[in-house]
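Visitor: There's a structure below that I have some questions on.
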Amino acid sequence: MRIIFETPRLLLRQFTEEDAPIIYKLNRDPDVIKYIHEPLLENETQAKKILTDIILPQYKLNLGRWAVHTKSDYEFIGWCGLKYISETGITDLGYRLLKTEWGKGYATEAAQYTLIYGLRDLKIKCITAMVHVQNFASIKVLEKIGMKFKKETIFDAQPVKVYTLSLPDVNNFC
Ligand SMILES: CC(C)(COP(=O)(O)OP(=O)(O)OC[C@H]1O[C@@H](n2cnc3c(N)ncnc32)[C@H](O)[C@@H]1OP(=O)(O)O)[C@@H](O)C(=O)NCCC(=O)NCCS
């Protein structure tokens with residue numbers, strides 16, 4: 001198991017091909033993907049394809065969506081991480097948690113440490129996040145971790161807010 005980093009309450013590790021059941025558990029919940037332009041998963045075979053086609057290839061860049069576990073009991077609660085989007089050249093911050101884990105501050109904690117890891121350790125110049133304009137919980141997370149609102153635009157035919165953070169900002173933030 002490749003651990004990426006720990007936070008006070010969480011551990012972030014790389015996914016493996018064996019993690020299809022937990023990706024399925026996450027992406028079969030309509031409430032989890034409500035503001036995300038992705039189809040509801042119907043089985044673990046589809047989840048495995050997401051792992052092999054989308055998640056695992058990002059690890060070659062030292063980036064990726066990482067599985068998030070609570071340190072107290074090693075329960076899987078979701079994922080958080082950085083993804084390079086070649087079409088736009090941006091490094092995207094994303095997170096997604098099981099509904100049972102919402103409202104405990106976990107997304108904020110995972111995202112805050114992911115930002116610091118990306119900017120300071122990976123030396124990424126700028127990290128971007130895009131959020132559906134009605135995804136108020138996610139907007140709150142981005143604002144709590146100090147990301148700066150840049151603009152509203154249309155992405156994948158959805159109205160989104162774009163937030164960014166770069167190294168001088170993170171120094172001020174921390
Ligand atoms: C977005 C998501 C990761 C947030 O996870 P979380 O663990 O609940 O987030 P946190 O507890 O760290 O913080 C959420 C904040 O939003 C607030 N919030 C939640 N719902 C809200 C709403 N409808 N309106 C306004 N604020 C809201 C919470 O009160 C909290 O703020 P606070 O700490 O000041 O009280 C979670 O809802 C999720 O997985 N959603 C589905 C996937 C998704 O949308 N990912 C983001 C794509 S951009």
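FYI, nothing fancy with the structure tokens labels: chains A, B, ... in order, residues from 1 per chain, ligands from 1 as they appear.
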From a DSSP calculation on the backbone, collect every residue of chain A in strand (DSSP E) and output the set as a ChimeraX atom specification.

Guide: /A:3-6,10-14,64-70,76-85,90-97,126-132,148-155,158-166

Visitor: What lies within 12 Å of A:Gln58 using only C-alpha atoms, ignoring chain neighbours under 2 positions off, as a ChimeraX atom specification?

Guide: /A:14-15,50-56,60-66,81-86,91-92

Visitor: Taking into account only C-alpha atoms and all ligand atoms, which residue in the set A:Lys48, A:Arg9, A:Lys123, A:Lys104 is nearest to ligand 1?

Guide: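 Closest residue, counting only C-alpha atoms and all ligand atoms: A:Lys104.
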
Visitor: Hey, which residues come within 6 Å of ligand 1 if we count only C-alpha atoms and all ligand atoms? Could you give them as a ChimeraX atom specification?

Guide: /A:32-33,35,95-97,102-108,130-131,136-138,140-141

Visitor: Take the residues from that selection and put them in a file with N, CA and C atoms, as a short mmCIF file (atom, residue, chain, number, x, y, z; two decimals), in the first residue's frame.

Guide:
data_model
loop_
_atom_site.label_atom_id
_atom_site.label_comp_id
_atom_site.auth_asym_id
_atom_site.auth_seq_id
_atom_site.Cartn_x
_atom_site.Cartn_y
_atom_site.Cartn_z
N VAL A 32 -24.43 11.46 -4.04
CA VAL A 32 -22.99 11.74 -4.14
C VAL A 32 -22.64 12.34 -5.50
N ILE A 33 -23.31 11.87 -6.54
CA ILE A 33 -22.95 12.40 -7.87
C ILE A 33 -23.91 13.47 -8.38
N TYR A 35 -24.09 16.67 -8.19
CA TYR A 35 -23.52 17.86 -8.83
C TYR A 35 -22.30 17.54 -9.68
N TYR A 95 -12.71 16.03 -4.46
CA TYR A 95 -12.98 15.19 -3.27
C TYR A 95 -14.40 14.68 -3.38
N ARG A 96 -14.59 13.52 -2.76
CA ARG A 96 -15.90 12.87 -2.83
C ARG A 96 -16.00 11.92 -1.63
N LEU A 97 -17.01 12.10 -0.81
CA LEU A 97 -17.12 11.27 0.39
C LEU A 97 -18.43 10.50 0.41
N TRP A 102 -20.46 12.79 5.60
CA TRP A 102 -20.56 14.23 5.37
C TRP A 102 -20.76 14.95 6.71
N GLY A 103 -20.34 16.21 6.73
CA GLY A 103 -20.62 17.07 7.89
C GLY A 103 -19.70 16.84 9.08
N LYS A 104 -18.60 16.14 8.87
CA LYS A 104 -17.67 15.90 9.99
C LYS A 104 -16.35 16.66 9.81
N GLY A 105 -16.32 17.50 8.76
CA GLY A 105 -15.09 18.25 8.51
C GLY A 105 -14.01 17.46 7.78
N TYR A 106 -14.34 16.26 7.34
CA TYR A 106 -13.32 15.41 6.69
C TYR A 106 -12.90 15.97 5.33
N ALA A 107 -13.86 16.48 4.55
CA ALA A 107 -13.49 16.99 3.22
C ALA A 107 -12.54 18.18 3.37
N THR A 108 -12.87 19.05 4.32
CA THR A 108 -12.02 20.23 4.55
C THR A 108 -10.61 19.79 4.94
N MET A 130 -13.14 23.19 -9.65
CA MET A 130 -14.38 23.62 -10.29
C MET A 130 -15.54 23.00 -9.56
N VAL A 131 -16.56 23.80 -9.28
CA VAL A 131 -17.66 23.31 -8.46
C VAL A 131 -18.98 23.81 -9.06
N PHE A 136 -23.31 23.80 -2.57
CA PHE A 136 -22.93 24.75 -1.52
C PHE A 136 -21.95 24.16 -0.51
N ALA A 137 -22.08 22.86 -0.21
CA ALA A 137 -21.14 22.24 0.74
C ALA A 137 -19.73 22.28 0.18
N SER A 138 -19.59 21.98 -1.10
CA SER A 138 -18.26 21.98 -1.71
C SER A 138 -17.70 23.39 -1.83
N LYS A 140 -18.29 25.75 0.20
CA LYS A 140 -17.86 26.08 1.56
C LYS A 140 -16.48 25.48 1.85
N VAL A 141 -16.28 24.23 1.43
CA VAL A 141 -14.99 23.58 1.64
C VAL A 141 -13.88 24.40 0.96
#

Visitor: Give the helix (DSSP H, G or I) residues of chain A, as DSSP finds them on the backbone, and put them as a PDB file with N, CA and C atoms, in the first residue's frame.

Guide:
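result05.pdb, written as the output of this step:
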ATOM      1  N   GLU A  17      -6.173  -1.794  -8.104  1.00  0.00           N
ATOM      2  CA  GLU A  17      -7.244  -2.424  -8.893  1.00  0.00           C
ATOM      3  C   GLU A  17      -8.224  -3.187  -8.009  1.00  0.00           C
ATOM      4  N   GLU A  18      -7.807  -3.503  -6.798  1.00  0.00           N
ATOM      5  CA  GLU A  18      -8.684  -4.263  -5.886  1.00  0.00           C
ATOM      6  C   GLU A  18      -9.777  -3.386  -5.262  1.00  0.00           C
ATOM      7  N   ASP A  19      -9.733  -2.081  -5.508  1.00  0.00           N
ATOM      8  CA  ASP A  19     -10.645  -1.159  -4.822  1.00  0.00           C
ATOM      9  C   ASP A  19     -11.959  -0.920  -5.552  1.00  0.00           C
ATOM     10  N   ALA A  20     -12.254  -1.715  -6.584  1.00  0.00           N
ATOM     11  CA  ALA A  20     -13.512  -1.503  -7.322  1.00  0.00           C
ATOM     12  C   ALA A  20     -14.740  -1.502  -6.394  1.00  0.00           C
ATOM     13  N   PRO A  21     -14.822  -2.393  -5.391  1.00  0.00           N
ATOM     14  CA  PRO A  21     -16.025  -2.383  -4.540  1.00  0.00           C
ATOM     15  C   PRO A  21     -16.242  -1.039  -3.827  1.00  0.00           C
ATOM     16  N   ILE A  22     -15.162  -0.385  -3.410  1.00  0.00           N
ATOM     17  CA  ILE A  22     -15.379   0.862  -2.672  1.00  0.00           C
ATOM     18  C   ILE A  22     -15.663   2.032  -3.623  1.00  0.00           C
ATOM     19  N   ILE A  23     -15.101   1.991  -4.825  1.00  0.00           N
ATOM     20  CA  ILE A  23     -15.466   3.021  -5.820  1.00  0.00           C
ATOM     21  C   ILE A  23     -16.941   2.853  -6.190  1.00  0.00           C
ATOM     22  N   TYR A  24     -17.359   1.615  -6.318  1.00  0.00           N
ATOM     23  CA  TYR A  24     -18.766   1.348  -6.641  1.00  0.00           C
ATOM     24  C   TYR A  24     -19.680   1.869  -5.523  1.00  0.00           C
ATOM     25  N   LYS A  25     -19.289   1.582  -4.275  1.00  0.00           N
ATOM     26  CA  LYS A  25     -20.092   2.027  -3.127  1.00  0.00           C
ATOM     27  C   LYS A  25     -20.302   3.549  -3.159  1.00  0.00           C
ATOM     28  N   LEU A  26     -19.274   4.249  -3.561  1.00  0.00           N
ATOM     29  CA  LEU A  26     -19.323   5.719  -3.617  1.00  0.00           C
ATOM     30  C   LEU A  26     -20.190   6.197  -4.792  1.00  0.00           C
ATOM     31  N   ASN A  27     -19.932   5.663  -5.954  1.00  0.00           N
ATOM     32  CA  ASN A  27     -20.538   6.214  -7.181  1.00  0.00           C
ATOM     33  C   ASN A  27     -21.888   5.590  -7.542  1.00  0.00           C
ATOM     34  N   GLU A  44     -19.659  -3.335 -10.183  1.00  0.00           N
ATOM     35  CA  GLU A  44     -18.233  -3.193  -9.872  1.00  0.00           C
ATOM     36  C   GLU A  44     -17.354  -3.237 -11.120  1.00  0.00           C
ATOM     37  N   THR A  45     -17.856  -3.829 -12.185  1.00  0.00           N
ATOM     38  CA  THR A  45     -17.072  -3.859 -13.427  1.00  0.00           C
ATOM     39  C   THR A  45     -16.869  -2.429 -13.939  1.00  0.00           C
ATOM     40  N   GLN A  46     -17.925  -1.631 -13.856  1.00  0.00           N
ATOM     41  CA  GLN A  46     -17.800  -0.222 -14.275  1.00  0.00           C
ATOM     42  C   GLN A  46     -16.834   0.520 -13.345  1.00  0.00           C
ATOM     43  N   ALA A  47     -16.875   0.185 -12.065  1.00  0.00           N
ATOM     44  CA  ALA A  47     -15.973   0.840 -11.103  1.00  0.00           C
ATOM     45  C   ALA A  47     -14.520   0.472 -11.410  1.00  0.00           C
ATOM     46  N   LYS A  48     -14.293  -0.768 -11.780  1.00  0.00           N
ATOM     47  CA  LYS A  48     -12.921  -1.190 -12.089  1.00  0.00           C
ATOM     48  C   LYS A  48     -12.390  -0.430 -13.310  1.00  0.00           C
ATOM     49  N   LYS A  49     -13.271  -0.192 -14.273  1.00  0.00           N
ATOM     50  CA  LYS A  49     -12.859   0.552 -15.476  1.00  0.00           C
ATOM     51  C   LYS A  49     -12.458   1.992 -15.110  1.00  0.00           C
ATOM     52  N   ILE A  50     -13.174   2.581 -14.178  1.00  0.00           N
ATOM     53  CA  ILE A  50     -12.797   3.936 -13.721  1.00  0.00           C
ATOM     54  C   ILE A  50     -11.399   3.900 -13.094  1.00  0.00           C
ATOM     55  N   LEU A  51     -11.155   2.864 -12.313  1.00  0.00           N
ATOM     56  CA  LEU A  51      -9.830   2.736 -11.691  1.00  0.00           C
ATOM     57  C   LEU A  51      -8.736   2.598 -12.745  1.00  0.00           C
ATOM     58  N   THR A  52      -8.927   1.662 -13.680  1.00  0.00           N
ATOM     59  CA  THR A  52      -7.841   1.384 -14.628  1.00  0.00           C
ATOM     60  C   THR A  52      -7.699   2.478 -15.689  1.00  0.00           C
ATOM     61  N   ASP A  53      -8.814   3.097 -16.079  1.00  0.00           N
ATOM     62  CA  ASP A  53      -8.747   4.087 -17.174  1.00  0.00           C
ATOM     63  C   ASP A  53      -8.483   5.499 -16.677  1.00  0.00           C
ATOM     64  N   ILE A  54      -8.965   5.831 -15.483  1.00  0.00           N
ATOM     65  CA  ILE A  54      -8.906   7.236 -15.047  1.00  0.00           C
ATOM     66  C   ILE A  54      -8.016   7.426 -13.817  1.00  0.00           C
ATOM     67  N   ILE A  55      -8.241   6.634 -12.772  1.00  0.00           N
ATOM     68  CA  ILE A  55      -7.554   6.919 -11.501  1.00  0.00           C
ATOM     69  C   ILE A  55      -6.093   6.445 -11.502  1.00  0.00           C
ATOM     70  N   LEU A  56      -5.854   5.206 -11.846  1.00  0.00           N
ATOM     71  CA  LEU A  56      -4.483   4.671 -11.724  1.00  0.00           C
ATOM     72  C   LEU A  56      -3.471   5.356 -12.662  1.00  0.00           C
ATOM     73  N   PRO A  57      -3.840   5.708 -13.917  1.00  0.00           N
ATOM     74  CA  PRO A  57      -2.842   6.351 -14.790  1.00  0.00           C
ATOM     75  C   PRO A  57      -2.288   7.666 -14.234  1.00  0.00           C
ATOM     76  N   GLN A  58      -3.077   8.369 -13.403  1.00  0.00           N
ATOM     77  CA  GLN A  58      -2.602   9.644 -12.853  1.00  0.00           C
ATOM     78  C   GLN A  58      -1.417   9.447 -11.903  1.00  0.00           C
ATOM     79  N   TYR A  59      -1.280   8.245 -11.356  1.00  0.00           N
ATOM     80  CA  TYR A  59      -0.193   8.008 -10.384  1.00  0.00           C
ATOM     81  C   TYR A  59       1.184   8.086 -11.045  1.00  0.00           C
ATOM     82  N   LYS A  60       1.229   7.886 -12.369  1.00  0.00           N
ATOM     83  CA  LYS A  60       2.519   8.015 -13.074  1.00  0.00           C
ATOM     84  C   LYS A  60       3.024   9.450 -12.995  1.00  0.00           C
ATOM     85  N   LEU A  61       2.106  10.410 -12.797  1.00  0.00           N
ATOM     86  CA  LEU A  61       2.479  11.825 -12.699  1.00  0.00           C
ATOM     87  C   LEU A  61       2.688  12.236 -11.234  1.00  0.00           C
ATOM     88  N   LYS A  99     -21.899   9.427   1.822  1.00  0.00           N
ATOM     89  CA  LYS A  99     -22.866  10.327   2.464  1.00  0.00           C
ATOM     90  C   LYS A  99     -22.843  10.208   3.994  1.00  0.00           C
ATOM     91  N   THR A 100     -22.598   9.000   4.481  1.00  0.00           N
ATOM     92  CA  THR A 100     -22.568   8.791   5.942  1.00  0.00           C
ATOM     93  C   THR A 100     -21.454   9.610   6.609  1.00  0.00           C
ATOM     94  N   GLU A 101     -20.496  10.086   5.834  1.00  0.00           N
ATOM     95  CA  GLU A 101     -19.331  10.794   6.399  1.00  0.00           C
ATOM     96  C   GLU A 101     -19.400  12.306   6.209  1.00  0.00           C
ATOM     97  N   TYR A 106     -14.337  16.257   7.336  1.00  0.00           N
ATOM     98  CA  TYR A 106     -13.319  15.413   6.688  1.00  0.00           C
ATOM     99  C   TYR A 106     -12.896  15.968   5.326  1.00  0.00           C
ATOM    100  N   ALA A 107     -13.856  16.481   4.555  1.00  0.00           N
ATOM    101  CA  ALA A 107     -13.491  16.993   3.221  1.00  0.00           C
ATOM    102  C   ALA A 107     -12.545  18.183   3.370  1.00  0.00           C
ATOM    103  N   THR A 108     -12.870  19.052   4.320  1.00  0.00           N
ATOM    104  CA  THR A 108     -12.021  20.228   4.545  1.00  0.00           C
ATOM    105  C   THR A 108     -10.611  19.789   4.941  1.00  0.00           C
ATOM    106  N   GLU A 109     -10.533  18.836   5.843  1.00  0.00           N
ATOM    107  CA  GLU A 109      -9.220  18.366   6.330  1.00  0.00           C
ATOM    108  C   GLU A 109      -8.406  17.717   5.196  1.00  0.00           C
ATOM    109  N   ALA A 110      -9.048  16.835   4.448  1.00  0.00           N
ATOM    110  CA  ALA A 110      -8.330  16.149   3.361  1.00  0.00           C
ATOM    111  C   ALA A 110      -7.909  17.141   2.283  1.00  0.00           C
ATOM    112  N   ALA A 111      -8.806  18.060   1.938  1.00  0.00           N
ATOM    113  CA  ALA A 111      -8.513  19.007   0.854  1.00  0.00           C
ATOM    114  C   ALA A 111      -7.425  19.998   1.264  1.00  0.00           C
ATOM    115  N   GLN A 112      -7.455  20.411   2.516  1.00  0.00           N
ATOM    116  CA  GLN A 112      -6.445  21.374   2.987  1.00  0.00           C
ATOM    117  C   GLN A 112      -5.038  20.763   2.908  1.00  0.00           C
ATOM    118  N   TYR A 113      -4.897  19.529   3.361  1.00  0.00           N
ATOM    119  CA  TYR A 113      -3.582  18.885   3.316  1.00  0.00           C
ATOM    120  C   TYR A 113      -3.179  18.526   1.887  1.00  0.00           C
ATOM    121  N   THR A 114      -4.168  18.237   1.041  1.00  0.00           N
ATOM    122  CA  THR A 114      -3.868  17.943  -0.368  1.00  0.00           C
ATOM    123  C   THR A 114      -3.312  19.179  -1.064  1.00  0.00           C
ATOM    124  N   LEU A 115      -3.905  20.321  -0.754  1.00  0.00           N
ATOM    125  CA  LEU A 115      -3.413  21.587  -1.337  1.00  0.00           C
ATOM    126  C   LEU A 115      -1.962  21.835  -0.934  1.00  0.00           C
ATOM    127  N   ILE A 116      -1.690  21.685   0.342  1.00  0.00           N
ATOM    128  CA  ILE A 116      -0.334  21.955   0.837  1.00  0.00           C
ATOM    129  C   ILE A 116       0.652  20.951   0.229  1.00  0.00           C
ATOM    130  N   TYR A 117       0.243  19.695   0.166  1.00  0.00           N
ATOM    131  CA  TYR A 117       1.099  18.661  -0.437  1.00  0.00           C
ATOM    132  C   TYR A 117       1.387  18.990  -1.906  1.00  0.00           C
ATOM    133  N   GLY A 118       0.361  19.416  -2.629  1.00  0.00           N
ATOM    134  CA  GLY A 118       0.534  19.710  -4.056  1.00  0.00           C
ATOM    135  C   GLY A 118       1.418  20.923  -4.298  1.00  0.00           C
ATOM    136  N   LEU A 119       1.185  21.980  -3.541  1.00  0.00           N
ATOM    137  CA  LEU A 119       1.926  23.221  -3.787  1.00  0.00           C
ATOM    138  C   LEU A 119       3.350  23.157  -3.231  1.00  0.00           C
ATOM    139  N   ARG A 120       3.493  22.630  -2.022  1.00  0.00           N
ATOM    140  CA  ARG A 120       4.820  22.653  -1.383  1.00  0.00           C
ATOM    141  C   ARG A 120       5.670  21.446  -1.757  1.00  0.00           C
ATOM    142  N   ASP A 121       5.091  20.254  -1.707  1.00  0.00           N
ATOM    143  CA  ASP A 121       5.896  19.045  -1.923  1.00  0.00           C
ATOM    144  C   ASP A 121       6.017  18.724  -3.411  1.00  0.00           C
ATOM    145  N   PHE A 136     -23.311  23.804  -2.571  1.00  0.00           N
ATOM    146  CA  PHE A 136     -22.925  24.755  -1.524  1.00  0.00           C
ATOM    147  C   PHE A 136     -21.945  24.159  -0.510  1.00  0.00           C
ATOM    148  N   ALA A 137     -22.079  22.857  -0.213  1.00  0.00           N
ATOM    149  CA  ALA A 137     -21.145  22.235   0.741  1.00  0.00           C
ATOM    150  C   ALA A 137     -19.728  22.283   0.181  1.00  0.00           C
ATOM    151  N   SER A 138     -19.590  21.980  -1.104  1.00  0.00           N
ATOM    152  CA  SER A 138     -18.264  21.975  -1.714  1.00  0.00           C
ATOM    153  C   SER A 138     -17.697  23.394  -1.829  1.00  0.00           C
ATOM    154  N   ILE A 139     -18.558  24.346  -2.154  1.00  0.00           N
ATOM    155  CA  ILE A 139     -18.108  25.751  -2.225  1.00  0.00           C
ATOM    156  C   ILE A 139     -17.569  26.171  -0.849  1.00  0.00           C
ATOM    157  N   LYS A 140     -18.287  25.751   0.197  1.00  0.00           N
ATOM    158  CA  LYS A 140     -17.857  26.083   1.565  1.00  0.00           C
ATOM    159  C   LYS A 140     -16.483  25.478   1.851  1.00  0.00           C
ATOM    160  N   VAL A 141     -16.283  24.230   1.428  1.00  0.00           N
ATOM    161  CA  VAL A 141     -14.986  23.581   1.645  1.00  0.00           C
ATOM    162  C   VAL A 141     -13.882  24.397   0.964  1.00  0.00           C
ATOM    163  N   LEU A 142     -14.095  24.759  -0.306  1.00  0.00           N
ATOM    164  CA  LEU A 142     -13.060  25.494  -1.053  1.00  0.00           C
ATOM    165  C   LEU A 142     -12.743  26.822  -0.381  1.00  0.00           C
ATOM    166  N   GLU A 143     -13.779  27.483   0.115  1.00  0.00           N
ATOM    167  CA  GLU A 143     -13.529  28.773   0.757  1.00  0.00           C
ATOM    168  C   GLU A 143     -12.826  28.592   2.099  1.00  0.00           C
ATOM    169  N   LYS A 144     -13.186  27.522   2.824  1.00  0.00           N
ATOM    170  CA  LYS A 144     -12.539  27.289   4.132  1.00  0.00           C
ATOM    171  C   LYS A 144     -11.049  26.975   3.978  1.00  0.00           C
ATOM    172  N   LEU A 167       1.255  29.240  -5.018  1.00  0.00           N
ATOM    173  CA  LEU A 167       2.163  29.190  -3.867  1.00  0.00           C
ATOM    174  C   LEU A 167       2.191  30.460  -3.004  1.00  0.00           C
ATOM    175  N   PRO A 168       2.266  31.669  -3.590  1.00  0.00           N
ATOM    176  CA  PRO A 168       2.270  32.854  -2.716  1.00  0.00           C
ATOM    177  C   PRO A 168       1.013  32.902  -1.845  1.00  0.00           C
ATOM    178  N   ASP A 169      -0.132  32.462  -2.420  1.00  0.00           N
ATOM    179  CA  ASP A 169      -1.377  32.472  -1.649  1.00  0.00           C
ATOM    180  C   ASP A 169      -1.273  31.514  -0.473  1.00  0.00           C
ATOM    181  N   VAL A 170      -0.688  30.321  -0.739  1.00  0.00           N
ATOM    182  CA  VAL A 170      -0.669  29.312   0.313  1.00  0.00           C
ATOM    183  C   VAL A 170       0.251  29.739   1.442  1.00  0.00           C
ATOM    184  N   ASN A 171       1.307  30.476   1.119  1.00  0.00           N
ATOM    185  CA  ASN A 171       2.168  30.969   2.186  1.00  0.00           C
ATOM    186  C   ASN A 171       1.400  31.929   3.096  1.00  0.00           C
ATOM    187  N   ASN A 172       0.587  32.794   2.467  1.00  0.00           N
ATOM    188  CA  ASN A 172      -0.225  33.707   3.263  1.00  0.00           C
ATOM    189  C   ASN A 172      -1.213  32.921   4.105  1.00  0.00           C
ATOM    190  N   PHE A 173      -1.788  31.886   3.462  1.00  0.00           N
ATOM    191  CA  PHE A 173      -2.835  31.109   4.119  1.00  0.00           C
ATOM    192  C   PHE A 173      -2.290  30.362   5.337  1.00  0.00           C
TER     193      PHE A 173
END

Visitor: Between A:Ser72, A:Pro8, A:Asn135, A:Leu98, which residue has the minimum interatomic distance to A:Arg28, considering only C-alpha atoms?

Guide: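 Selected residue with least distance to A:Arg28: A:Leu98.
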
Visitor: Counting only C-alpha atoms, figure out which residue out of A:Thr88, A:Thr7, A:Thr128, A:Ser166 gets nearest to A:Val68.

Guide: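 The closest residue to A:Val68 is A:Thr7.
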
Visitor: Which value, in Å to one decimal, gives the distance between atom CA of A:Lys161 and atom CA of A:Leu12?

Guide: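 Taking atom CA of A:Lys161 as the start and atom CA of A:Leu12 as the end point, the length is 26.2 Å.
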
Visitor: From the set A:Pro39, A:Asp31, A:Phe5, A:Gly89, which residue has the shortest atom-to-atom contact distance to A:Ala67, counting only C-alpha atoms?

Guide: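 So, comparing all the options, the nearest one is A:Phe5.
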
Visitor: Could you work out how far atom CA of A:Glu75 lies from atom CA of A:Glu42, giving the answer in Å with one decimal?

Guide: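 A separation of 22.7 Å between them.
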
Visitor: Which of these, A:Leu41, A:Met1, A:Leu11, A:Ile154, has the shortest distance to A:Trp79 once you count only C-alpha atoms?

Guide: A:Leu11

Visitor: Pick out the closest residue to A:Phe149 from this set: A:Gln134, A:Leu10, A:Gly94, A:Ala129. Count only C-alpha atoms.

Guide: A:Ala129
